[in-house]
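As stored in data-v6.txt (compact mmCIF, C-alpha atoms):
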# COMPACT_ATOMS: atom_id res chain seq x y z
CA MET A 480 53.54 5.29 132.51
CA SER A 481 52.62 4.84 136.14
CA GLU A 482 54.39 5.85 139.25
CA GLU A 483 56.85 3.32 140.62
CA ALA A 484 58.94 2.99 143.76
CA ARG A 485 61.56 5.67 144.16
CA PRO A 486 65.10 4.35 143.65
CA PRO A 487 66.63 3.59 147.08
CA VAL A 488 69.64 5.80 146.42
CA SER A 489 68.63 9.26 145.33
CA LEU A 490 70.70 10.70 142.50
CA ASP A 491 70.67 14.30 143.60
CA SER A 492 72.91 16.49 141.46
CA GLN A 493 73.40 18.87 144.40
CA ASN A 494 74.96 16.15 146.52
CA ILE A 495 77.28 14.73 143.90
CA PRO A 496 81.04 15.21 144.44
CA SER A 497 82.43 18.07 142.36
CA ALA A 498 84.54 15.70 140.25
CA LEU A 499 81.31 14.22 138.92
CA THR A 500 79.49 17.52 138.46
CA ASP A 501 81.48 18.36 135.34
CA LEU A 502 80.64 14.97 133.92
CA ILE A 503 76.95 15.36 134.59
CA PHE A 504 76.85 18.72 132.83
CA ASN A 505 79.15 17.80 129.97
CA LEU A 506 77.60 14.46 129.09
CA LYS A 507 74.47 14.68 127.02
CA ILE A 508 71.53 12.39 127.34
CA LYS A 509 72.28 10.98 123.88
CA ASP A 510 75.71 9.84 125.19
CA VAL A 511 74.04 7.85 127.93
CA MET A 512 70.69 6.56 126.62
CA THR A 513 69.98 3.16 125.10
CA ARG A 514 69.38 3.65 121.39
CA SER A 515 67.86 0.31 120.45
CA VAL A 516 64.45 0.76 121.99
CA VAL A 517 62.00 -2.13 122.30
CA THR A 518 58.65 -0.67 121.18
CA ALA A 519 55.04 -1.73 120.67
CA ASN A 520 52.24 -0.46 118.50
CA LYS A 521 48.92 0.69 119.82
CA SER A 522 46.88 -2.26 118.59
CA GLU A 523 49.05 -4.95 120.16
CA ALA A 524 47.58 -6.83 123.14
CA LEU A 525 49.04 -6.11 126.56
CA ARG A 526 49.82 -9.84 126.91
CA THR A 527 52.03 -9.70 123.79
CA ILE A 528 53.79 -6.65 125.17
CA GLN A 529 54.21 -8.34 128.54
CA ARG A 530 55.99 -11.30 126.83
CA ARG A 531 58.22 -8.87 124.94
CA MET A 532 59.13 -7.18 128.22
CA LYS A 533 59.95 -10.51 129.80
CA GLU A 534 62.16 -11.58 126.87
CA ALA A 535 64.04 -8.29 126.79
CA ASN A 536 64.17 -8.14 130.59
CA ILE A 537 62.78 -4.59 130.71
CA THR A 538 60.09 -2.90 132.76
CA GLY A 539 58.57 -0.44 130.26
CA VAL A 540 57.80 -0.26 126.53
CA PRO A 541 57.03 2.92 124.56
CA VAL A 542 54.03 2.63 122.28
CA VAL A 543 54.75 4.24 118.91
CA GLU A 544 53.08 5.05 115.67
CA ASN A 545 55.70 5.56 112.93
CA THR A 546 58.30 7.53 114.88
CA ARG A 547 55.84 9.31 117.20
CA ILE A 548 55.46 8.19 120.78
CA LEU A 549 51.87 7.76 121.98
CA GLY A 550 52.40 6.39 125.46
CA VAL A 551 54.25 3.85 127.59
CA VAL A 552 53.20 0.45 128.89
CA SER A 553 54.93 -0.14 132.19
CA MET A 554 55.11 -3.17 134.46
CA HIS A 555 52.60 -1.40 136.64
CA ASP A 556 50.12 -1.19 133.73
CA ILE A 557 50.59 -4.93 133.06
CA LEU A 558 49.96 -5.86 136.70
CA THR A 559 46.81 -3.72 136.70
CA ALA A 560 45.66 -5.40 133.49
CA PHE A 561 46.13 -8.87 135.00
CA ASP A 562 44.26 -7.75 138.08
CA GLU A 563 41.35 -6.26 136.12
CA GLY A 564 41.25 -8.98 133.44
CA THR A 565 42.14 -6.62 130.60
CA ILE A 566 45.44 -8.29 129.66
CA ASP A 567 44.21 -9.28 126.19
CA GLU A 568 43.01 -5.81 125.29
CA PRO A 569 45.06 -3.50 123.00
CA ALA A 570 47.78 -1.29 124.40
CA GLU A 571 46.14 2.00 123.45
CA THR A 572 43.25 1.47 125.87
CA HIS A 573 45.44 0.99 128.97
CA MET A 574 48.83 2.57 128.33
CA THR A 575 50.02 5.59 130.29
CA ARG A 576 49.45 8.64 128.14
CA SER A 577 50.62 11.44 130.40
CA LEU A 578 54.22 11.32 129.31
CA LYS A 579 57.36 12.88 130.67
CA VAL A 580 60.03 12.85 127.99
CA LEU A 581 63.58 14.12 127.66
CA GLU A 582 65.48 15.48 124.66
CA ASP A 583 68.67 13.91 123.38
CA ASP A 584 70.63 17.20 123.47
CA MET A 585 69.92 17.94 127.14
CA PRO A 586 72.73 17.54 129.68
CA LEU A 587 72.66 14.39 131.77
CA SER A 588 71.87 16.53 134.81
CA PHE A 589 68.33 17.01 133.40
CA ALA A 590 67.74 13.27 133.40
CA ILE A 591 68.98 13.00 137.00
CA ASN A 592 66.60 15.77 138.06
CA TYR A 593 63.72 14.03 136.27
CA PHE A 594 64.41 10.76 138.05
CA ASN A 595 64.27 12.57 141.36
CA LYS A 596 61.25 14.65 140.52
CA PHE A 597 58.97 12.21 138.76
CA ARG A 598 59.96 8.85 140.24
CA TYR A 599 59.67 6.86 137.02
CA GLY A 600 62.00 3.99 136.16
CA ARG A 601 62.69 5.26 132.62
CA PHE A 602 62.16 8.22 130.32
CA PRO A 603 61.70 8.11 126.55
CA VAL A 604 64.14 10.38 124.73
CA LEU A 605 63.10 12.45 121.70
CA ASN A 606 65.23 14.21 119.10
CA LYS A 607 64.62 17.72 117.74
CA GLU A 608 62.00 16.37 115.36
CA ARG A 609 60.11 14.98 118.35
CA GLU A 610 60.84 11.43 117.19
CA LEU A 611 61.60 8.65 119.67
CA CYS A 612 65.36 8.06 119.46
CA GLY A 613 66.17 6.31 122.74
CA ILE A 614 65.27 5.51 126.30
CA ILE A 615 67.17 6.25 129.50
CA THR A 616 67.19 4.39 132.84
CA ILE A 617 69.09 4.74 136.11
CA ARG A 618 71.15 1.75 134.99
CA ASP A 619 72.26 3.61 131.85
CA ILE A 620 73.38 6.51 134.02
CA ASN A 621 75.26 4.31 136.47
CA THR A 622 77.03 2.39 133.73
CA THR A 623 78.08 5.53 131.90
CA LEU A 624 79.28 7.32 135.01
CA LEU A 625 81.32 4.31 136.11
CA ARG A 626 82.89 4.07 132.67
CA GLU A 627 83.67 7.78 132.58
CA VAL A 628 85.11 7.80 136.10
CA ASN A 629 87.32 4.86 135.11
CA ARG A 630 88.51 6.78 132.09
CA ILE A 631 89.31 9.84 134.23
CA VAL A 632 91.26 7.75 136.73
CA GLU A 633 93.22 6.11 133.92
CA ASN A 634 94.09 9.52 132.48
CA LEU A 635 95.20 10.73 135.90
CA GLU A 636 97.41 7.70 136.36
CA GLU A 637 98.96 8.27 132.95
CA GLU A 638 99.61 11.89 133.77
CA LEU A 639 101.17 10.91 137.08
CA ASN A 640 103.50 8.47 135.34
CA ARG A 641 104.50 11.18 132.89
CA THR A 642 105.33 13.57 135.74
CA VAL A 643 107.49 10.93 137.35
CA GLN A 644 109.32 10.37 134.05
CA ASP A 645 109.92 14.11 133.58
CA ASP A 646 111.56 14.31 136.96
CA ARG A 647 113.95 11.42 136.49
CA ASP A 648 116.96 13.67 136.11
CA ALA A 649 116.05 15.59 139.26
CA ASP A 650 114.92 14.46 142.69
CA SER A 651 111.39 15.38 143.49
CA LEU A 652 108.80 14.62 146.11
CA GLN A 653 105.14 15.56 146.30
CA PHE A 654 103.06 15.74 149.45
CA TYR A 655 99.47 16.47 150.26
CA VAL A 656 99.12 18.24 153.59
CA VAL A 657 95.86 17.96 155.52
CA ALA A 658 94.54 20.92 157.50
CA HIS A 659 94.85 20.56 161.29
CA ASP A 660 96.41 17.10 161.02
CA PHE A 661 98.96 17.66 163.78
CA GLU A 662 99.67 13.98 164.10
CA ASN A 663 101.28 13.85 160.65
CA ALA A 664 102.48 17.44 160.53
CA GLY A 665 106.18 17.51 159.79
CA ARG A 666 106.33 14.16 158.04
CA ALA A 667 106.84 15.71 154.62
CA SER A 668 109.76 17.74 155.93
CA SER A 669 111.25 14.66 157.58
CA GLU A 670 111.12 12.88 154.22
CA ILE A 671 112.79 15.79 152.50
CA LYS A 672 115.49 15.93 155.13
CA LYS A 673 116.12 12.21 154.79
CA LEU A 674 116.58 12.55 151.04
CA LEU A 675 119.01 15.45 151.43
CA ARG A 676 121.06 13.43 153.92
CA GLN A 677 121.19 10.50 151.53
CA HIS A 678 122.66 12.86 148.95
CA GLY A 679 125.28 13.94 151.47
CA LEU A 680 124.55 17.66 151.25
CA ASP A 681 126.20 20.20 153.50
CA PRO A 682 124.54 20.02 156.95
CA LYS A 683 123.90 23.77 156.96
CA ILE A 684 122.09 23.54 153.62
CA ILE A 685 120.08 20.60 154.96
CA ARG A 686 119.11 22.57 158.07
CA ARG A 687 118.09 25.62 156.06
CA THR A 688 115.98 23.50 153.75
CA ALA A 689 114.46 21.63 156.67
CA VAL A 690 113.50 24.84 158.46
CA ALA A 691 111.93 26.28 155.29
CA SER A 692 109.97 23.14 154.46
CA TYR A 693 108.87 22.59 158.06
CA GLU A 694 107.59 26.15 158.47
CA LEU A 695 105.79 26.01 155.12
CA GLU A 696 104.34 22.61 155.94
CA MET A 697 103.16 23.81 159.36
CA ASN A 698 101.57 26.85 157.73
CA LEU A 699 99.52 24.51 155.56
CA VAL A 700 98.51 22.47 158.62
CA VAL A 701 97.76 25.42 160.89
CA HIS A 702 96.33 28.07 158.58
CA SER A 703 95.13 26.57 155.30
CA THR A 704 92.24 24.35 154.43
CA GLY A 705 94.82 21.85 153.17
CA GLY A 706 97.25 21.95 150.31
CA ARG A 707 100.12 20.49 148.47
CA MET A 708 103.87 20.74 148.81
CA ASP A 709 106.33 20.00 146.01
CA PHE A 710 110.02 19.48 146.56
CA ARG A 711 112.50 19.46 143.72
CA MET A 712 116.27 19.36 143.65
CA ASP A 713 118.63 19.54 140.71
CA ARG A 714 122.40 20.06 140.57
CA GLU A 715 122.15 23.75 141.34
CA GLN A 716 119.31 24.33 143.69
CA ILE A 717 116.57 23.07 145.94
CA SER A 718 113.07 24.37 145.53
CA ILE A 719 109.98 23.96 147.65
CA ARG A 720 106.59 25.11 146.45
CA THR A 721 103.35 25.06 148.35
CA ARG A 722 99.84 25.67 147.10
CA ASP A 723 96.68 25.72 149.16
CA ASP A 724 93.00 26.30 148.48
CA GLY A 725 92.39 28.94 151.11
CA PRO A 726 91.50 30.92 153.00
CA GLY A 727 94.29 33.26 151.83
CA ILE A 728 96.33 35.91 153.64
CA PRO A 729 94.71 39.38 153.86
CA ASP A 730 98.02 41.26 154.04
CA VAL A 731 101.11 39.36 152.88
CA GLU A 732 103.55 42.14 153.85
CA GLN A 733 102.21 42.07 157.40
CA ALA A 734 102.46 38.27 157.56
CA LEU A 735 106.14 38.57 156.68
CA GLU A 736 106.81 40.77 159.73
CA GLU A 737 108.33 39.05 162.73
CA GLY A 738 105.87 38.57 165.55
CA PHE A 739 102.73 39.05 163.46
CA THR A 740 100.38 36.12 163.96
CA THR A 741 96.72 35.24 163.53
CA ALA A 742 97.09 32.04 165.54
CA ASN A 743 94.67 31.35 168.40
CA ASP A 744 95.50 29.94 171.84
CA TRP A 745 94.86 26.43 170.70
CA ILE A 746 97.48 26.64 167.97
CA ARG A 747 99.89 28.32 170.41
CA SER A 748 99.37 25.49 172.89
CA LEU A 749 100.79 23.20 170.23
CA GLY A 750 103.92 25.31 169.93
CA PHE A 751 103.03 27.31 166.84
CA GLY A 752 101.88 30.81 166.10
CA ALA A 753 104.93 32.72 167.32
CA GLY A 754 104.69 34.92 164.25
CA MET A 755 108.07 33.66 163.10
CA GLY A 756 107.05 31.23 160.38
CA LEU A 757 107.27 33.23 157.18
CA PRO A 758 110.14 35.44 158.44
CA ASN A 759 112.04 32.23 159.23
CA VAL A 760 111.45 30.89 155.74
CA ARG A 761 112.62 34.13 154.17
CA ARG A 762 115.71 34.16 156.40
CA VAL A 763 116.91 30.67 155.41
CA CYS A 764 116.14 30.90 151.69
CA ASP A 765 118.11 32.43 148.84
CA ASP A 766 114.85 33.42 147.24
CA PHE A 767 111.33 33.37 148.63
CA ARG A 768 108.12 34.43 146.95
CA ILE A 769 104.59 34.39 148.23
CA THR A 770 101.31 35.35 146.62
CA SER A 771 97.92 35.12 148.20
CA GLU A 772 94.36 35.92 147.30
CA MET A 773 91.55 35.96 149.80
CA GLY A 774 89.06 33.22 149.19
CA ARG A 775 91.32 31.51 146.65
CA GLY A 776 94.49 30.51 148.47
CA THR A 777 98.20 31.03 148.88
CA GLU A 778 101.19 29.98 146.79
CA THR A 779 104.76 30.06 147.96
CA SER A 780 108.04 29.31 146.28
CA ALA A 781 111.26 28.89 148.24
CA MET A 782 114.69 28.36 146.72
CA ILE A 783 117.97 27.41 148.35
CA ARG A 784 121.20 27.14 146.36
CA ARG A 785 123.16 23.94 146.88
CA THR A 786 126.47 25.80 147.02
CA PRO A 787 126.71 27.61 150.36
CA ALA A 788 126.99 31.36 149.79
CA GLU A 789 130.07 31.80 152.00
CA GLU A 790 131.95 29.04 150.20
CA ALA A 791 131.09 30.27 146.73
CA PRO A 792 134.08 32.02 145.16
CA ALA A 793 133.06 35.62 144.58
CA ALA A 794 134.54 35.71 141.11
CA ALA A 795 132.73 32.59 140.02
CA GLU A 796 129.37 33.86 141.19
CA PRO A 797 129.25 37.54 140.37
CA ASN A 798 125.51 37.68 141.05
CA ASP A 799 125.87 36.72 144.66
CA ALA A 800 126.59 40.21 145.91
CA ALA A 801 123.42 41.53 144.39
CA GLN A 802 121.30 38.73 145.78
CA GLY A 803 123.05 38.45 149.12
CA GLY A 804 120.56 40.66 150.98
CA MET B 227 128.50 18.59 178.79
CA ARG B 228 127.14 15.19 177.81
CA PHE B 229 123.75 13.58 178.29
CA PRO B 230 124.75 11.52 181.35
CA ASP B 231 125.71 14.81 183.11
CA ILE B 232 122.50 16.46 181.99
CA ARG B 233 120.38 13.57 183.21
CA ARG B 234 122.11 13.65 186.60
CA ILE B 235 121.90 17.39 187.21
CA LEU B 236 118.24 17.61 186.13
CA GLU B 237 117.21 14.42 187.95
CA GLY B 238 116.08 13.39 184.49
CA VAL B 239 114.16 10.36 183.40
CA GLU B 240 115.41 8.75 180.21
CA HIS B 241 112.70 7.93 177.65
CA HIS B 242 114.90 7.32 174.68
CA ARG B 243 118.65 7.12 174.45
CA GLY B 244 119.90 8.37 171.07
CA SER B 245 123.00 6.84 169.53
CA GLY B 246 125.19 9.77 170.64
CA PHE B 247 124.00 9.66 174.25
CA ASP B 248 127.39 9.01 175.81
CA THR B 249 129.60 10.70 173.26
CA THR B 250 127.91 13.86 171.96
CA VAL B 251 129.17 17.02 173.60
CA ILE B 252 126.37 19.55 173.98
CA ARG B 253 127.66 23.08 173.43
CA HIS B 254 124.44 25.04 173.04
CA VAL B 255 121.04 25.13 174.71
CA THR B 256 117.81 26.69 173.50
CA ALA B 257 114.72 26.88 175.68
CA GLY B 258 111.17 27.71 174.71
CA ASP B 259 107.70 26.50 173.92
CA LEU B 260 107.22 28.17 170.57
CA MET B 261 108.74 26.01 167.92
CA SER B 262 109.21 28.75 165.34
CA GLU B 263 111.43 30.57 167.83
CA VAL B 264 113.45 27.41 168.18
CA LEU B 265 113.76 27.01 164.41
CA VAL B 266 115.75 30.24 164.26
CA PHE B 267 118.84 28.49 165.63
CA ASP B 268 121.49 27.25 163.30
CA LEU B 269 123.88 25.64 165.77
CA GLU B 270 125.58 22.30 166.02
CA ASP B 271 125.39 20.15 169.18
CA LEU B 272 122.23 21.79 170.42
CA LEU B 273 119.93 20.76 173.27
CA LEU B 274 116.26 21.79 173.24
CA VAL B 275 114.60 22.48 176.60
CA THR B 276 110.84 22.85 176.54
CA SER B 277 107.71 22.26 178.56
CA LEU B 278 105.71 21.57 175.41
CA ASN B 279 104.65 17.99 175.47
CA SER B 280 103.98 17.25 171.80
CA GLU B 281 105.39 15.31 168.90
CA GLN B 282 106.08 18.58 167.13
CA VAL B 283 108.87 19.20 169.65
CA LEU B 284 110.72 16.16 168.33
CA ARG B 285 109.98 17.07 164.72
CA THR B 286 111.36 20.54 165.36
CA ALA B 287 114.44 19.17 167.11
CA HIS B 288 114.99 16.85 164.15
CA MET B 289 114.75 19.73 161.67
CA ILE B 290 117.52 21.72 163.36
CA ASP B 291 119.65 18.62 164.10
CA ALA B 292 119.31 19.08 167.86
CA ALA B 293 121.00 16.24 169.71
CA GLY B 294 118.24 15.88 172.27
CA VAL B 295 115.16 17.20 174.01
CA VAL B 296 114.54 17.78 177.72
CA LEU B 297 110.92 18.08 178.81
CA VAL B 298 110.75 20.21 181.96
CA ASN B 299 108.01 20.99 184.50
CA ASP B 300 107.48 17.30 185.19
CA LYS B 301 105.94 16.69 181.81
CA VAL B 302 105.83 13.03 180.83
CA PRO B 303 105.95 12.15 177.13
CA ASN B 304 103.25 9.85 175.79
CA GLU B 305 103.90 6.62 173.94
CA SER B 306 103.69 8.07 170.44
CA MET B 307 106.18 10.77 171.37
CA ILE B 308 108.63 8.17 172.65
CA ALA B 309 108.13 6.12 169.51
CA LEU B 310 108.91 9.17 167.39
CA ALA B 311 112.06 9.88 169.44
CA ARG B 312 113.10 6.32 168.72
CA SER B 313 112.49 6.57 164.99
CA LEU B 314 114.27 9.94 164.73
CA ASP B 315 117.08 8.74 167.01
CA THR B 316 116.71 11.79 169.24
CA THR B 317 117.54 11.54 172.94
CA LEU B 318 114.46 12.32 175.04
CA LEU B 319 114.64 13.13 178.76
CA SER B 320 112.11 14.53 181.18
CA SER B 321 112.79 16.47 184.36
CA PRO B 322 110.80 17.59 187.39
CA ARG B 323 112.66 20.93 187.28
CA SER B 324 111.04 24.13 186.06
CA MET B 325 112.24 25.70 182.85
CA PHE B 326 114.15 28.35 184.79
CA GLU B 327 115.79 25.89 187.21
CA ALA B 328 116.75 23.61 184.37
CA CYS B 329 118.30 26.44 182.38
CA VAL B 330 120.28 27.68 185.39
CA ALA B 331 121.59 24.17 186.06
CA LEU B 332 122.51 23.62 182.42
CA ASN B 333 124.28 26.97 182.30
CA GLU B 334 126.42 25.90 185.27
CA LEU B 335 127.38 22.74 183.42
CA LEU B 336 128.26 24.71 180.29
CA SER B 337 130.35 27.14 182.36
CA GLU B 338 132.25 24.25 183.91
CA ASP B 339 132.96 22.96 180.40
CA ALA B 340 134.20 26.40 179.34
CA SER B 341 136.49 26.80 182.36
CA GLY B 342 137.75 23.22 181.99
CA GLU B 343 138.82 23.72 178.37
Rendering of file as structure tokens:
Amino acid sequence: MSEEARPPVSLDSQNIPSALTDLIFNLKIKDVMTRSVVTANKSEALRTIQRRMKEANITGVPVVENTRILGVVSMHDILTAFDEGTIDEPAETHMTRSLKVLEDDMPLSFAINYFNKFRYGRFPVLNKERELCGIITIRDINTTLLREVNRIVENLEEELNRTVQDDRDADSLQFYVVAHDFENAGRASSEIKKLLRQHGLDPKIIRRTAVASYELEMNLVVHSTGGRMDFRMDREQISIRTRDDGPGIPDVEQALEEGFTTANDWIRSLGFGAGMGLPNVRRVCDDFRITSEMGRGTETSAMIRRTPAEEAPAAAEPNDAAQGG
Amino acid sequence: MRFPDIRRILEGVEHHRGSGFDTTVIRHVTAGDLMSEVLVFDLEDLLLVTSLNSEQVLRTAHMIDAAGVVLVNDKVPNESMIALARSLDTTLLSSPRSMFEACVALNELLSEDASGE
């Protein structure tokens, strides 16, 4: 097997998006390789092998004896044989003997590393008994990855549809909030407010919800590396949850104090960072929880009851007094 | 006080006229450049006075149902800000007055309203 041109696009497992990394480590070479291998035996003439390659439209043929691999005849070997006039000689005299092989139980990532390291167009694959059981090319990898990615996307779509179905009895909205995207900051909260107005809720409840969602949304924009905001409303209550991927709040109690801020001048110049965000959210909500872990992210959960506290008959809602603080 | 009075007393320039421009009676004013401090207010018929020239001012005003925004210190809103005022139906004025001058003038208007009632 001779050296061939490096593939124009390098398959470097270090540069592959994280969604694919799992795939590359979970898939085994035997899930990806071609099992029906076109082979030759050592006494066959290179010209015969060249015709077989042409018919099968392949660029390399393993030379085998029983189930053992002896070498590979590549397109490069054929060209050399034409050039040197040895095309009618048997394979064993001109085949590439210094073989790089893979094992069928290895993760696909091994194959990708081999393609980068050794620059061959294909690798024979052996089973535990060292028998030839398949062959793997870049094309096999591409085809499998595309198929698997398709499958993942289909599953995600199905899951999404299911979520939508589950929420039919309640109103819900989901938003993805991008870090430092001040142009779109506040859009999610505008959508939420619009929905609440359509439902004809009490204006005070709408304002409280809007303030909570806007502050939480702005926190995602200003402080997080991006995150997600979920709004849900049923007959009793409105809930807003946010989840981000970092960086996390070092001291949550401190962040809940009025006036405490980590915002820089730039954020202040945009009108934020007064140190009022979380205190504001807590003030307008009937229940507010926040958990944060440095390096992992922050989760918040805000709840506002649809019946205004002052209008709720005390007798009908005996819990109100306890929760009123 | 109503928006036509506010525009007159602040020598204001009108960038968007909300649907309640002539009819809404403004009873409260909040002034400031930090939006979280503005979000503390839970008042009806509110006017927001600020020198912060950003779309977030209009978003904030929208969240607390403010009837309009006055940009002071001669700040001129950009096109996207005006477009947002239009889509949120929020009255947007700008004024050459400083924050302090504007607040004093608006307070006089509010006092006139109070004595007239």
*Restrict the distance test to all atoms listed in the file, flag each residue of chain B within 6 Å of chain A, and return the flagged residues as a VMD selection string.*
chain B and resid 259 to 262 289 to 290
Kindly extract all protein, DNA and RNA residues lying within 7 Å of the coordinates (127.5, 16.5, 173.9) given in the file, considering all atoms listed in the file, and supply them as a CSV table (one decimal) with C-alpha atoms, in the frame of the given file.
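Saved file selection38.csv follows:
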chain,number,residue,atom,x,y,z
B,227,MET,CA,128.5,18.6,178.8
B,228,ARG,CA,127.1,15.2,177.8
B,229,PHE,CA,123.8,13.6,178.3
B,249,THR,CA,129.6,10.7,173.3
B,250,THR,CA,127.9,13.9,172.0
B,251,VAL,CA,129.2,17.0,173.6
B,252,ILE,CA,126.4,19.6,174.0
B,253,ARG,CA,127.7,23.1,173.4
B,271,ASP,CA,125.4,20.2,169.2
*At what distance in Å, to one decimal, does atom CA of Ala590 of chain A lie from atom CA of Val628 of chain A?*
18.4 Å
Let me have the centre and edge lengths of the axis-aligned box enclosing all listed atoms of segment 255-262 of chain B with 5 Å padding on every side, in Å to one decimal, as JSON.
{"center_x": 114.1, "center_y": 26.9, "center_z": 170.5, "size_x": 23.8, "size_y": 13.6, "size_z": 20.3}
Selection near Ser280 of chain B, 9 Å with all atoms listed in the file, sequence-local residues under 2 positions removed, as a short mmCIF file (atom, residue, chain, number, x, y, z; two decimals) with C-alpha atoms, in the frame of the given file:
data_model
loop_
_atom_site.label_atom_id
_atom_site.label_comp_id
_atom_site.auth_asym_id
_atom_site.auth_seq_id
_atom_site.Cartn_x
_atom_site.Cartn_y
_atom_site.Cartn_z
CA LEU A 749 100.79 23.20 170.23
CA GLY A 750 103.92 25.31 169.93
CA LEU B 278 105.71 21.57 175.41
CA GLN B 282 106.08 18.58 167.13
CA VAL B 283 108.87 19.20 169.65
CA LEU B 284 110.72 16.16 168.33
CA PRO B 303 105.95 12.15 177.13
CA ASN B 304 103.25 9.85 175.79
CA MET B 307 106.18 10.77 171.37
#
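The space separating atom CA of Ser313 of chain B from atom CA of Leu272 of chain B comes to 18.9 Å.
Picture a line from atom CA of Lys521 of chain A to atom CA of Glu582 of chain A; it runs 22.7 Å.
Checking B:Ala293, B:His254, B:Ala309, B:Leu314 one by one against Ser337 of chain B, counting all atoms listed in the file, you find the shortest gap at B:His254.
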_List the spatial neighbours of Asn279 of chain B as a ChimeraX atom specification - criterion: any atom at most 8 Å away, all atoms listed in the file, same-chain residues fewer than 6 positions off excluded._
/B:297,301-303
*Skip segment 326-334 of chain B itself and residues of its chain fewer than 6 positions away, then list as a ChimeraX atom specification all residues within 9 Å of it, counting all atoms listed in the file.*
/B:227,232,235-236,255-257,275,298
*For a cut-off of 9 Å around (67.1, 7.3, 126.9), file coordinates, pick out all residues using all atoms listed in the file and list them as a ChimeraX atom specification.*
/A:508-509,511-514,516,581-583,590,601-605,612-616,619
